[in-house]
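Here's the structure we're looking at; comments come further down.
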Amino acid sequence: MPDTIAALARRLARLERRVTALERARRAPYPPWRDVPLTGDTSVPDPEQPPQMRANLWDTLEFSGRIGLPGGRAMDETVVGLLPEGYWPAVPRTVPVASDANRRELHLVISPDGQMTLRVQDGGSVKATWLSLDSASCRIDGEGEE
């Protein structure tokens with residue numbers, strides 16, 4: 001029984017912190033979009049949709065835009081971007097991303113040191129020329145991990 005009460009108290013404290021953050025965020029304007037610093041041979045395939053990010057007041061990192069892949073291939077464990085300090089998640093986060101790959105899903109793993117690493121379902125590589133970050137997001141605090 002004490003374990004249950006302690007667990008409920010922790011969940012209630014987390015909920016109270018989120019409510020406070022939401023109330024504070026409701027009053028503040030949304031932060032502006034910033035360009036995602038790309039690494040290696042990745043590129044911006046469409047100047048109208050550059051890869052961008054912003055951290056909102058709900059401790060969520062939001063992404064938009066597209067990243068061009070070198071050689072028209074998505075290679076597993078390729079670092080495609082490096083987030084600036086202050087945008088790093090407290091724990092590793094896996095974010096699904098859209099692409100023009102036909103057969104396998106692609107994900108970005110965002111590490112606590114800001115590396116954005118491409119992961120291909122079942123490893124290896126797959127034909128793909130771009131990744132879409134539109135509607136991708138992840139938490140940057142450590143909450144929700146147990």
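Numbering starts fresh at 1 for the residues of each chain in the structure tokens, the chains themselves are lettered A, B, ... in the order given, and ligands are numbered from 1 as they appear.
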Spatial neighbours of Glu23 (chain A), max dist 10 Å, only C-alpha atoms, sep filter under 5 positions, as JSON, numbers by chain = {"A": [17, 18, 28, 57, 58]}
task = Give the alpha helix (DSSP H) residues of chain A, as DSSP finds them on the backbone, and put them as a ChimeraX atom specification.
result = /A:2-27
Which residues, written as an mmCIF file with C-alpha atoms, in the first residue's frame, have at least one atom at most 8 Å from region 81-98 of chain A, with only C-alpha atoms counted and residues fewer than 6 positions away on the same chain left out?
data_model
loop_
_atom_site.group_PDB
_atom_site.id
_atom_site.type_symbol
_atom_site.label_atom_id
_atom_site.label_comp_id
_atom_site.auth_asym_id
_atom_site.auth_seq_id
_atom_site.Cartn_x
_atom_site.Cartn_y
_atom_site.Cartn_z
ATOM 1 C CA VAL A 36 18.545 22.655 -37.731
ATOM 2 C CA PRO A 37 22.352 22.466 -38.156
ATOM 3 C CA LEU A 38 22.944 19.633 -40.649
ATOM 4 C CA THR A 39 26.029 17.397 -40.709
ATOM 5 C CA ALA A 55 11.505 24.336 -28.166
ATOM 6 C CA LEU A 61 11.017 20.121 -29.251
ATOM 7 C CA GLU A 105 10.263 3.037 -41.728
ATOM 8 C CA LEU A 106 12.804 5.672 -40.794
ATOM 9 C CA HIS A 107 13.367 7.216 -37.365
ATOM 10 C CA LEU A 108 15.633 9.830 -35.854
ATOM 11 C CA VAL A 109 17.246 9.058 -32.521
ATOM 12 C CA ILE A 110 18.031 12.272 -30.689
ATOM 13 C CA SER A 111 20.719 11.718 -28.065
ATOM 14 C CA PRO A 112 21.296 13.730 -24.861
ATOM 15 C CA ASP A 113 24.326 15.341 -26.568
ATOM 16 C CA GLY A 114 22.150 16.642 -29.428
ATOM 17 C CA GLN A 115 23.104 14.186 -32.192
ATOM 18 C CA MET A 116 20.285 13.384 -34.622
ATOM 19 C CA THR A 117 21.029 9.843 -35.845
ATOM 20 C CA LEU A 131 13.298 12.992 -44.698
ATOM 21 C CA SER A 132 10.323 15.092 -43.676
ATOM 22 C CA LEU A 133 10.421 16.514 -40.159
ATOM 23 C CA ASP A 134 6.911 17.968 -40.434
ATOM 24 C CA ALA A 136 7.746 15.414 -35.630
ATOM 25 C CA SER A 137 8.275 16.305 -31.983
ATOM 26 C CA CYS A 138 9.694 14.943 -28.746
ATOM 27 C CA ARG A 139 9.938 15.873 -25.086
ATOM 28 C CA ILE A 140 13.229 17.392 -23.992
ATOM 29 C CA ASP A 141 12.871 16.895 -20.245
ATOM 30 C CA GLY A 142 13.262 13.570 -18.462
#
request  = Could you pull out the residues in chain A that DSSP calls strand (DSSP E or B) from the backbone, as a PyMOL selection string?
outcome  = chain A and resi 34-35+38+43+52-55+60-64+66-68+73-75+78-82+93-99+106-110+115-120+125-127+130-132+137-139
task = Can you work out the spacing between CA of Pro45 (chain A) and CA of Gly65 (chain A) in Å, to one decimal?
result = 9.6 Å
query = Could you state the separation of CA of Pro50 (chain A) and CA of Lys127 (chain A) in Å, given to one decimal place?
reply =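 Those two atoms sit 21.2 Å apart.
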task = Rank A:Ala7, A:Ala74, A:Ile67, A:Leu22 by their smallest atom-to-atom distance to Asp35 (chain A), using only C-alpha atoms, and report the top residue only.
result = A:Ile67
ask   = If we count only C-alpha atoms, what is near Met53 (chain A) at a cut-off of 6 Å, once residues fewer than 2 positions away on the same chain are taken out, given as JSON, numbers by chain?
value = {"A": [33, 34, 62, 63]}
Same residues, C-alpha atoms, saved as a PDB file, in the first residue's frame:
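Okay, this is what ended up in out_38.pdb:
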ATOM      1  CA  TRP A  33      11.717  28.645 -35.587  1.00  0.00           C
ATOM      2  CA  ARG A  34      15.500  28.059 -35.852  1.00  0.00           C
ATOM      3  CA  GLU A  62       9.083  20.601 -32.510  1.00  0.00           C
ATOM      4  CA  PHE A  63      10.480  20.068 -36.007  1.00  0.00           C
TER       5      PHE A  63
END
Tell me, counting only C-alpha atoms, for each residue of region 11-84 of chain A within 12 Å of region 121-126 of chain A, which pair of atoms is nearest and how far apart they are in Å to one decimal, in rows ordered by chain and increasing number, as a Markdown table.
| residue | atom | partner | partner_atom | distance |
| --- | --- | --- | --- | --- |
| A:Leu69 | CA | A:Val126 | CA | 11.0 |
| A:Pro70 | CA | A:Ser125 | CA | 11.9 |
| A:Gly71 | CA | A:Val126 | CA | 10.9 |
| A:Gly72 | CA | A:Val126 | CA | 8.7 |
| A:Arg73 | CA | A:Val126 | CA | 5.6 |
| A:Ala74 | CA | A:Val126 | CA | 5.3 |
| A:Met75 | CA | A:Ser125 | CA | 4.3 |
| A:Asp76 | CA | A:Gly124 | CA | 5.4 |
| A:Glu77 | CA | A:Gly123 | CA | 8.3 |
| A:Thr78 | CA | A:Ser125 | CA | 10.0 |
